[in-house]
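Coordinates from entry08.tsv are shown below (TSV, C-alpha atoms).
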chain	number	residue	atom	x	y	z
Z	1	MET	CA	122.45	64.80	150.07
Z	2	LYS	CA	121.68	67.96	148.15
Z	3	ARG	CA	121.06	71.27	149.82
Z	4	PRO	CA	117.72	71.76	151.54
Z	5	ILE	CA	115.04	73.76	149.74
Z	6	ASN	CA	113.83	75.14	153.05
Z	7	GLU	CA	114.93	74.93	156.67
Z	8	MET	CA	114.27	76.29	160.12
Z	9	LYS	CA	115.77	76.20	163.57
Z	10	VAL	CA	114.21	76.95	166.92
Z	11	VAL	CA	115.66	76.80	170.43
Z	12	PHE	CA	113.45	76.54	173.51
Z	13	PRO	CA	113.75	75.62	177.21
Z	14	SER	CA	113.01	72.04	178.31
Z	15	LEU	CA	109.60	72.79	179.83
Z	16	SER	CA	106.94	70.13	179.31
Z	17	GLU	CA	104.48	72.67	177.89
Z	18	ASN	CA	106.93	73.05	174.98
Z	19	GLU	CA	106.26	69.47	173.80
Z	20	ARG	CA	103.10	70.81	172.22
Z	21	PHE	CA	104.90	73.91	170.90
Z	22	ALA	CA	107.54	71.75	169.19
Z	23	ARG	CA	105.16	69.45	167.30
Z	24	ILE	CA	102.86	72.30	166.27
Z	25	THR	CA	105.85	74.34	165.05
Z	26	VAL	CA	107.08	71.43	162.90
Z	27	SER	CA	103.58	70.87	161.59
Z	28	GLY	CA	103.21	74.55	160.69
Z	29	PHE	CA	106.61	74.74	159.01
Z	30	LEU	CA	105.91	71.66	156.87
Z	31	SER	CA	102.60	73.01	155.61
Z	32	PHE	CA	104.31	74.33	152.44
Z	33	ILE	CA	104.88	70.75	151.21
Z	34	ASP	CA	101.29	69.87	152.07
Z	35	PRO	CA	101.85	66.48	153.75
Z	36	LYS	CA	98.97	64.03	154.05
Z	37	VAL	CA	97.14	63.97	157.38
Z	38	ASP	CA	98.59	60.61	158.41
Z	39	GLU	CA	102.14	61.58	157.39
Z	40	LEU	CA	101.88	64.72	159.48
Z	41	ALA	CA	100.45	62.77	162.44
Z	42	ASP	CA	103.44	60.37	162.24
Z	43	ILE	CA	105.94	63.25	162.20
Z	44	LYS	CA	104.23	65.11	165.04
Z	45	THR	CA	104.18	61.97	167.18
Z	46	ALA	CA	107.88	61.27	166.57
Z	47	VAL	CA	108.84	64.90	167.36
Z	48	SER	CA	106.79	64.76	170.55
Z	49	GLU	CA	108.63	61.58	171.63
Z	50	ALA	CA	112.09	63.03	170.95
Z	51	VAL	CA	111.37	66.33	172.72
Z	52	THR	CA	109.85	64.48	175.69
Z	53	ASN	CA	113.05	62.41	175.94
Z	54	CYS	CA	115.13	65.62	176.17
Z	55	ILE	CA	112.88	66.96	178.93
Z	56	VAL	CA	112.49	63.76	180.96
Z	57	HIS	CA	115.91	62.16	180.45
Z	58	GLY	CA	118.29	64.79	179.01
Z	59	TYR	CA	117.56	67.35	181.71
Z	60	PRO	CA	116.04	65.33	184.60
Z	61	ASP	CA	116.82	67.86	187.34
Z	62	LYS	CA	117.11	71.18	185.55
Z	63	VAL	CA	115.80	73.21	182.66
Z	64	GLY	CA	118.14	73.26	179.68
Z	65	GLN	CA	117.99	74.19	176.04
Z	66	ILE	CA	116.52	72.03	173.30
Z	67	GLU	CA	117.35	72.72	169.67
Z	68	LEU	CA	114.97	71.69	166.91
Z	69	CYS	CA	116.11	71.85	163.27
Z	70	VAL	CA	113.96	70.91	160.31
Z	71	LYS	CA	115.21	70.61	156.74
Z	72	VAL	CA	113.20	69.80	153.65
Z	73	PHE	CA	114.96	68.53	150.52
Z	74	GLU	CA	114.03	68.67	146.82
Z	75	ASP	CA	112.56	65.15	146.85
Z	76	ASN	CA	110.28	66.05	149.84
Z	77	THR	CA	112.47	64.24	152.34
Z	78	VAL	CA	112.05	65.80	155.77
Z	79	ARG	CA	114.98	65.66	158.17
Z	80	ILE	CA	114.44	66.70	161.78
Z	81	LYS	CA	117.20	66.99	164.35
Z	82	ILE	CA	116.33	67.33	168.02
Z	83	SER	CA	119.24	67.86	170.35
Z	84	ASP	CA	119.98	68.69	173.97
Z	85	LYS	CA	123.11	69.44	175.98
Z	86	GLY	CA	121.94	67.22	178.83
Z	87	CYS	CA	123.31	64.16	180.58
Z	88	GLY	CA	123.58	61.85	177.56
Z	89	ILE	CA	122.68	58.19	177.18
Z	90	GLU	CA	124.93	55.54	178.70
Z	91	ASP	CA	123.82	52.65	176.50
Z	92	ILE	CA	121.96	53.69	173.34
Z	93	ASP	CA	121.06	50.14	172.26
Z	94	ARG	CA	119.46	49.43	175.61
Z	95	ALA	CA	117.65	52.80	175.65
Z	96	MET	CA	116.15	52.00	172.26
Z	97	GLN	CA	114.79	48.61	173.31
Z	98	PRO	CA	110.98	48.62	173.42
Z	99	LEU	CA	109.59	48.82	176.96
Z	100	PHE	CA	112.95	49.75	178.46
Z	101	THR	CA	112.57	52.77	180.69
Z	102	THR	CA	114.52	54.26	183.57
Z	103	LYS	CA	111.35	55.93	184.86
Z	104	PRO	CA	108.55	53.34	185.24
Z	105	GLU	CA	107.21	55.11	188.34
Z	106	GLU	CA	106.18	58.06	186.18
Z	107	ASP	CA	104.08	55.86	183.89
Z	108	ARG	CA	106.63	56.07	181.12
Z	109	ALA	CA	105.94	53.18	178.75
Z	110	GLY	CA	109.49	52.91	177.40
Z	111	LEU	CA	108.18	53.15	173.85
Z	112	GLY	CA	109.50	56.54	172.74
Z	113	PHE	CA	112.19	55.18	170.43
Z	114	ALA	CA	109.92	52.35	169.25
Z	115	VAL	CA	107.34	54.92	168.16
Z	116	MET	CA	110.00	57.08	166.44
Z	117	GLU	CA	111.34	54.00	164.63
Z	118	SER	CA	107.98	52.78	163.43
Z	119	PHE	CA	106.60	56.19	162.42
Z	120	MET	CA	109.68	57.53	160.61
Z	121	ASP	CA	111.83	56.04	157.83
Z	122	LYS	CA	115.20	56.57	159.50
Z	123	ILE	CA	116.44	57.38	162.97
Z	124	LYS	CA	119.96	58.17	164.11
Z	125	VAL	CA	120.95	58.68	167.73
Z	126	LYS	CA	124.22	60.27	168.81
Z	127	SER	CA	125.01	60.71	172.46
Z	128	LYS	CA	127.92	61.51	174.71
Z	129	LEU	CA	127.75	61.18	178.48
Z	130	GLY	CA	127.66	64.59	180.11
Z	131	LYS	CA	127.57	66.33	176.71
Z	132	GLY	CA	124.11	65.63	175.35
Z	133	THR	CA	122.08	63.71	172.83
Z	134	ALA	CA	121.02	64.36	169.24
Z	135	VAL	CA	118.27	62.42	167.51
Z	136	THR	CA	117.91	62.75	163.74
Z	137	LEU	CA	114.65	61.62	162.18
Z	138	GLU	CA	113.95	61.31	158.48
Z	139	LYS	CA	110.82	60.70	156.50
Z	140	ALA	CA	110.03	60.87	152.80
Z	141	VAL	CA	106.79	62.75	152.38
Z	142	ALA	CA	104.75	61.96	149.25
Z	143	VAL	CA	105.17	64.64	146.59
Z	144	ARG	CA	101.93	66.34	145.69
Z	145	THR	CA	101.40	68.73	142.84
Z	146	ARG	CA	102.13	72.21	144.04
Z	147	VAL	CA	99.96	75.03	142.82
M	1	MET	CA	91.23	70.01	177.41
M	2	GLY	CA	91.28	67.53	180.23
M	3	VAL	CA	89.14	64.71	181.54
M	4	GLU	CA	85.36	64.42	181.87
M	5	ILE	CA	84.40	61.91	184.51
M	6	ALA	CA	81.02	60.15	184.56
M	7	ALA	CA	80.39	57.62	187.32
M	8	ARG	CA	77.59	55.02	187.55
M	9	GLY	CA	77.91	52.91	190.65
M	10	GLN	CA	81.24	51.13	190.37
M	11	THR	CA	81.73	51.98	186.73
M	12	VAL	CA	83.82	55.05	186.02
M	13	CYS	CA	84.03	56.52	182.55
M	14	ALA	CA	86.81	58.97	181.81
M	15	LYS	CA	86.49	60.87	178.56
M	16	LEU	CA	89.88	62.23	177.57
M	17	VAL	CA	89.81	65.53	175.70
M	18	GLY	CA	92.59	67.25	173.74
M	19	ASP	CA	96.23	66.27	173.28
M	20	ILE	CA	97.77	63.49	175.37
M	21	ASP	CA	101.50	64.03	175.84
M	22	HIS	CA	103.92	63.85	178.75
M	23	HIS	CA	102.76	67.31	179.88
M	24	SER	CA	98.99	66.71	179.90
M	25	ALA	CA	99.10	63.01	180.93
M	26	ARG	CA	100.30	63.86	184.43
M	27	GLU	CA	97.16	65.75	185.31
M	28	MET	CA	94.87	63.35	183.45
M	29	ARG	CA	96.08	60.34	185.38
M	30	CYS	CA	95.65	62.11	188.73
M	31	VAL	CA	92.03	63.01	187.91
M	32	ILE	CA	91.27	59.45	186.75
M	33	ASP	CA	92.89	57.80	189.78
M	34	VAL	CA	90.97	60.04	192.20
M	35	ALA	CA	87.67	59.13	190.47
M	36	VAL	CA	88.54	55.43	190.55
M	37	ARG	CA	89.31	55.59	194.27
M	38	GLU	CA	86.31	57.71	195.21
M	39	ASN	CA	83.85	55.46	193.37
M	40	ASP	CA	85.57	52.23	194.42
M	41	ALA	CA	85.56	51.39	190.71
M	42	LYS	CA	85.42	47.85	189.37
M	43	GLU	CA	85.35	48.99	185.78
M	44	LEU	CA	87.17	51.88	184.19
M	45	ILE	CA	86.28	52.98	180.68
M	46	LEU	CA	88.71	55.29	178.89
M	47	ASP	CA	86.94	57.12	176.08
M	48	PHE	CA	89.36	58.43	173.43
M	49	SER	CA	86.82	60.04	171.09
M	50	GLY	CA	87.86	63.57	172.11
M	51	VAL	CA	91.60	62.99	171.78
M	52	THR	CA	93.27	65.15	169.14
M	53	PHE	CA	96.85	63.89	169.51
M	54	MET	CA	98.60	61.11	171.42
M	55	ASP	CA	102.19	59.94	171.78
M	56	SER	CA	103.60	57.12	173.91
M	57	SER	CA	102.67	59.06	177.05
M	58	GLY	CA	99.12	57.93	176.30
M	59	ILE	CA	100.30	54.33	176.24
M	60	GLY	CA	101.97	54.91	179.61
M	61	LEU	CA	98.68	56.31	180.88
M	62	VAL	CA	96.78	53.20	179.72
M	63	MET	CA	99.41	50.82	181.13
M	64	GLY	CA	99.40	52.67	184.45
M	65	ARG	CA	95.58	52.53	184.72
M	66	TYR	CA	95.72	48.83	183.81
M	67	LYS	CA	97.96	48.30	186.86
M	68	VAL	CA	95.61	50.36	189.04
M	69	MET	CA	92.57	48.30	187.95
M	70	CYS	CA	94.47	45.01	188.37
M	71	GLU	CA	95.27	45.93	191.97
M	72	ARG	CA	91.55	46.57	192.52
M	73	GLU	CA	90.65	43.32	190.71
M	74	GLY	CA	88.73	45.41	188.24
M	75	ARG	CA	88.63	45.74	184.50
M	76	LEU	CA	89.89	48.30	182.00
M	77	THR	CA	88.06	49.09	178.77
M	78	ILE	CA	89.27	51.35	175.98
M	79	ALA	CA	86.62	52.85	173.73
M	80	ARG	CA	86.05	55.04	170.69
M	81	LEU	CA	89.62	55.10	169.39
M	82	PRO	CA	90.28	57.45	166.47
M	83	GLY	CA	92.25	55.77	163.64
M	84	TYR	CA	95.62	57.42	164.20
M	85	ILE	CA	95.54	56.64	167.91
M	86	ARG	CA	94.84	53.01	167.10
M	87	LYS	CA	98.20	53.08	165.30
M	88	VAL	CA	100.05	54.31	168.41
M	89	MET	CA	98.26	51.71	170.55
M	90	LYS	CA	99.35	49.00	168.11
M	91	VAL	CA	103.03	49.71	168.73
M	92	ALA	CA	102.45	48.76	172.35
M	93	GLY	CA	100.11	45.79	171.92
M	94	ILE	CA	97.62	47.41	174.28
M	95	ASN	CA	94.93	44.95	173.16
M	96	ARG	CA	96.63	42.39	175.43
M	97	LEU	CA	96.04	44.55	178.50
M	98	ALA	CA	92.65	46.06	177.93
M	99	ARG	CA	89.38	45.29	176.21
M	100	ILE	CA	89.04	47.54	173.17
M	101	VAL	CA	85.50	48.35	172.12
M	102	GLU	CA	84.07	50.51	169.37
M	103	ASP	CA	81.38	51.96	171.59
M	104	TYR	CA	79.87	51.56	175.04
M	105	GLU	CA	76.84	52.57	177.00
M	106	LEU	CA	76.81	53.53	180.63
M	107	PRO	CA	74.06	52.03	182.79
M	108	LYS	CA	71.28	54.59	183.13
M	109	GLU	CA	70.69	56.24	186.44
M	110	GLN	CA	68.29	58.89	187.65
M	111	GLU	CA	70.98	61.13	188.92
M	112	GLN	CA	73.75	61.82	186.53
M	113	GLU	CA	76.95	62.89	188.08
M	114	VAL	CA	79.33	64.57	185.70
M	115	MET	CA	82.45	66.21	186.92
M	116	LYS	CA	84.47	68.32	184.57
M	117	VAL	CA	88.08	69.01	185.25
M	118	GLU	CA	90.00	71.38	183.06
M	119	THR	CA	93.69	70.89	182.63
M	120	THR	CA	96.14	73.38	181.35
M	121	ASN	CA	97.96	72.67	178.11
Could you write out this structure as structure tokens?
Amino acid sequence: MKRPINEMKVVFPSLSENERFARITVSGFLSFIDPKVDELADIKTAVSEAVTNCIVHGYPDKVGQIELCVKVFEDNTVRIKISDKGCGIEDIDRAMQPLFTTKPEEDRAGLGFAVMESFMDKIKVKSKLGKGTAVTLEKAVAVRTRV
Amino acid sequence: MGVEIAARGQTVCAKLVGDIDHHSAREMRCVIDVAVRENDAKELILDFSGVTFMDSSGIGLVMGRYKVMCEREGRLTIARLPGYIRKVMKVAGINRLARIVEDYELPKEQEQEVMKVETTN
């Protein structure tokens, strides 16, 4: 794909209060392409799911770093990469199955990936045990006339 | 942000306010479960009209309260869902667990007990 027309990167510790920070940051950054309210709600929800996964599963017993990169391309495609250097996922296919969760006792619904899949156009998950996980989300945002 | 509890006899209404994510859901569910226990609730109404954002942590919260009410042989009702939250609920098929209503009315009582609990987020 062509080079992005705008991009940003932010790194923050895996504290649960940063779930809110992450989705609000993405929402603020994307304001220059003026997404529709429902498009922005979809993106914020997907970001919240991915960041929560890093906090709950990537770093279950410690605080680690989460990296959030957002790129916007000429055609208004938004690509968001959320990565951690945590424990990694043993079986990605199983982790992505709706309702599968390793933490039912904490009221986790096991729907994080299902929400990301249904709210975004594309999702790619890369993971290595003991090395970390990277989730890349993509969504084409409707082009609106820019003033 | 947080939960506003209103109790009428064995009906407990919890109005959720603000963003529901993994961070805020923890405190919300504690507040709700305490109110359910203290009022020996047979019906729990979750009012979503004040919710500004929700991810799957909100679904986990609903599923968890469904279990709690099942154990008490009670009923769970979900009310006043904003449009975008309806979409998140749909991913989970929550309508199979709880009654979803547009609106509700609490039985009137002379003394109105409202407890406000603020959560940090």
> Can you tell me, as JSON, numbers by chain, what residues are no more than 9 Å from M:Ala25 when counting only C-alpha atoms, ignoring any on the same chain fewer than 4 positions away?
Replying inline: {"M": [19, 20, 21, 29, 30, 57, 58, 60, 61]}
>> Set the cut-off to 6 Å and count only C-alpha atoms: what are the residues of chain Z that reach chain M? Output as a list in words.
In response: Ser16, Glu17, Thr45, Asp107, Arg108 and Ala109 of chain Z
> Just how far from atom CA of Z:Thr102 is atom CA of M:Lys15, in Å to one decimal?
Replying inline: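 Distance between the two atoms: 29.2 Å.
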> Using only C-alpha atoms, which residue out of M:Met1, M:Ile78, M:Cys70, M:Val36 lies closest to M:Arg99?
Replying inline: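 Of the candidates, the smallest distance to M:Arg99 is held by M:Ile78.
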> Which residue out of Z:Gly112, Z:Gly64, Z:Gly28, Z:Gly88 has the minimum interatomic distance to Z:Thr133 when all atoms listed in the file are used?
Replying inline: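 Comparing Z:Gly112, Z:Gly64, Z:Gly28, Z:Gly88 against Z:Thr133, the winner is Z:Gly88.
Taking atom CA of M:Glu27 as the reference point, atom CA of Z:Ala114 is found at 24.5 Å.
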> Quick one: of M:Ile5, M:Val12, M:Ala79, M:Leu97, who's nearest to M:Val51, counting all atoms listed in the file?
Replying inline: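 Once distances to M:Val51 are computed over all atoms listed in the file, the minimum belongs to M:Ala79.
Distances here use all atoms listed in the file; by that measure, the residue among Z:Leu111, Z:Ile55, Z:Phe100, Z:Ala50 closest to Z:Thr136 is Z:Ala50.
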> So how far away is atom CA of M:Ile45 from atom CA of M:Leu16, in Å?
Replying inline: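 Distance between the two atoms: 10.4 Å.
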>> Under the rule that all atoms listed in the file are counted, which of Z:Tyr59, Z:Phe113, Z:Phe32, Z:Phe12 is the nearest residue to Z:Asn76?
In response: Z:Phe32
> Between Z:Ile123, Z:Val78, Z:Cys54, Z:Val37, which one has atoms that come closest to Z:Ser14, using only C-alpha atoms?
Replying inline: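 Ranked by minimum distance to Z:Ser14, first place goes to Z:Cys54.
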To test the calculation: enclose all listed atoms of stretch 66-81 of chain Z in a box whose edges run along x, y and z, add 8 Å on each side, then state centre and edge lengths in Å to one decimal, as AutoDock Vina command-line options.
--center_x 113.8 --center_y 68.5 --center_z 160.1 --size_x 23.1 --size_y 24.5 --size_z 42.5
> Within 8 Å of (89.1, 47.8, 181.2), in the coordinates the file gives, what residues turn up when you count only C-alpha atoms, written out as a count of residues only?
Replying inline: 13
Requested file, stretch 25-63 of chain Z restricted to N, CA and C atoms, as a short mmCIF file (atom, residue, chain, number, x, y, z; two decimals), in the first residue's frame:
data_model
loop_
_atom_site.label_atom_id
_atom_site.label_comp_id
_atom_site.auth_asym_id
_atom_site.auth_seq_id
_atom_site.Cartn_x
_atom_site.Cartn_y
_atom_site.Cartn_z
N THR Z 25 -7.33 8.68 22.46
CA THR Z 25 -6.19 9.14 21.66
C THR Z 25 -6.43 8.86 20.18
N VAL Z 26 -6.86 7.62 19.87
CA VAL Z 26 -7.13 7.24 18.48
C VAL Z 26 -8.23 8.13 17.91
N SER Z 27 -9.28 8.29 18.70
CA SER Z 27 -10.41 9.12 18.27
C SER Z 27 -9.98 10.55 17.99
N GLY Z 28 -9.13 11.10 18.85
CA GLY Z 28 -8.63 12.46 18.66
C GLY Z 28 -7.75 12.58 17.43
N PHE Z 29 -6.87 11.60 17.25
CA PHE Z 29 -5.96 11.63 16.09
C PHE Z 29 -6.74 11.58 14.78
N LEU Z 30 -7.80 10.74 14.75
CA LEU Z 30 -8.55 10.55 13.50
C LEU Z 30 -9.50 11.70 13.17
N SER Z 31 -9.57 12.68 14.07
CA SER Z 31 -10.54 13.76 13.83
C SER Z 31 -10.27 14.52 12.53
N PHE Z 32 -9.03 14.50 12.04
CA PHE Z 32 -8.72 15.25 10.80
C PHE Z 32 -9.37 14.64 9.56
N ILE Z 33 -9.77 13.34 9.63
CA ILE Z 33 -10.49 12.78 8.48
C ILE Z 33 -12.00 12.80 8.72
N ASP Z 34 -12.40 13.34 9.86
CA ASP Z 34 -13.81 13.54 10.17
C ASP Z 34 -14.68 12.29 9.95
N PRO Z 35 -14.38 11.21 10.69
CA PRO Z 35 -15.18 9.99 10.52
C PRO Z 35 -16.60 10.20 11.03
N LYS Z 36 -17.51 9.36 10.53
CA LYS Z 36 -18.89 9.44 11.02
C LYS Z 36 -18.93 8.90 12.44
N VAL Z 37 -19.95 9.30 13.19
CA VAL Z 37 -20.06 8.90 14.60
C VAL Z 37 -20.01 7.38 14.77
N ASP Z 38 -20.74 6.66 13.90
CA ASP Z 38 -20.76 5.20 14.07
C ASP Z 38 -19.44 4.55 13.66
N GLU Z 39 -18.76 5.13 12.67
CA GLU Z 39 -17.45 4.60 12.28
C GLU Z 39 -16.46 4.76 13.43
N LEU Z 40 -16.50 5.92 14.05
CA LEU Z 40 -15.59 6.21 15.16
C LEU Z 40 -15.91 5.31 16.37
N ALA Z 41 -17.19 5.07 16.61
CA ALA Z 41 -17.59 4.20 17.72
C ALA Z 41 -17.06 2.79 17.47
N ASP Z 42 -17.13 2.31 16.22
CA ASP Z 42 -16.62 0.98 15.88
C ASP Z 42 -15.11 0.90 16.15
N ILE Z 43 -14.38 1.92 15.69
CA ILE Z 43 -12.93 1.92 15.85
C ILE Z 43 -12.55 1.98 17.33
N LYS Z 44 -13.22 2.86 18.08
CA LYS Z 44 -12.91 2.98 19.51
C LYS Z 44 -13.17 1.67 20.24
N THR Z 45 -14.25 0.99 19.88
CA THR Z 45 -14.58 -0.28 20.54
C THR Z 45 -13.50 -1.33 20.25
N ALA Z 46 -13.10 -1.41 18.96
CA ALA Z 46 -12.08 -2.39 18.58
C ALA Z 46 -10.75 -2.12 19.28
N VAL Z 47 -10.35 -0.84 19.35
CA VAL Z 47 -9.10 -0.46 20.03
C VAL Z 47 -9.17 -0.85 21.51
N SER Z 48 -10.32 -0.58 22.12
CA SER Z 48 -10.50 -0.90 23.53
C SER Z 48 -10.34 -2.41 23.77
N GLU Z 49 -10.89 -3.21 22.86
CA GLU Z 49 -10.78 -4.68 22.98
C GLU Z 49 -9.32 -5.12 22.89
N ALA Z 50 -8.60 -4.59 21.88
CA ALA Z 50 -7.22 -5.02 21.66
C ALA Z 50 -6.33 -4.62 22.83
N VAL Z 51 -6.51 -3.40 23.33
CA VAL Z 51 -5.68 -2.92 24.44
C VAL Z 51 -6.01 -3.72 25.71
N THR Z 52 -7.28 -4.01 25.92
CA THR Z 52 -7.68 -4.82 27.08
C THR Z 52 -7.02 -6.20 27.01
N ASN Z 53 -6.97 -6.78 25.81
CA ASN Z 53 -6.30 -8.08 25.65
C ASN Z 53 -4.84 -8.02 26.09
N CYS Z 54 -4.13 -6.94 25.70
CA CYS Z 54 -2.73 -6.79 26.11
C CYS Z 54 -2.61 -6.76 27.64
N ILE Z 55 -3.53 -6.01 28.27
CA ILE Z 55 -3.47 -5.83 29.72
C ILE Z 55 -3.83 -7.11 30.46
N VAL Z 56 -4.93 -7.74 30.03
CA VAL Z 56 -5.45 -8.91 30.75
C VAL Z 56 -4.64 -10.17 30.42
N HIS Z 57 -4.32 -10.35 29.12
CA HIS Z 57 -3.69 -11.62 28.71
C HIS Z 57 -2.20 -11.48 28.40
N GLY Z 58 -1.80 -10.37 27.77
CA GLY Z 58 -0.39 -10.20 27.40
C GLY Z 58 0.50 -10.10 28.63
N TYR Z 59 0.05 -9.25 29.56
CA TYR Z 59 0.81 -9.05 30.81
C TYR Z 59 -0.07 -9.39 32.01
N PRO Z 60 -0.37 -10.70 32.24
CA PRO Z 60 -1.30 -11.04 33.32
C PRO Z 60 -0.77 -10.72 34.72
N ASP Z 61 0.54 -10.84 34.91
CA ASP Z 61 1.08 -10.68 36.27
C ASP Z 61 2.02 -9.50 36.43
N LYS Z 62 2.16 -8.69 35.39
CA LYS Z 62 3.09 -7.56 35.52
C LYS Z 62 2.61 -6.42 34.64
N VAL Z 63 3.24 -5.28 34.80
CA VAL Z 63 2.93 -4.14 33.94
C VAL Z 63 4.01 -4.07 32.86
#
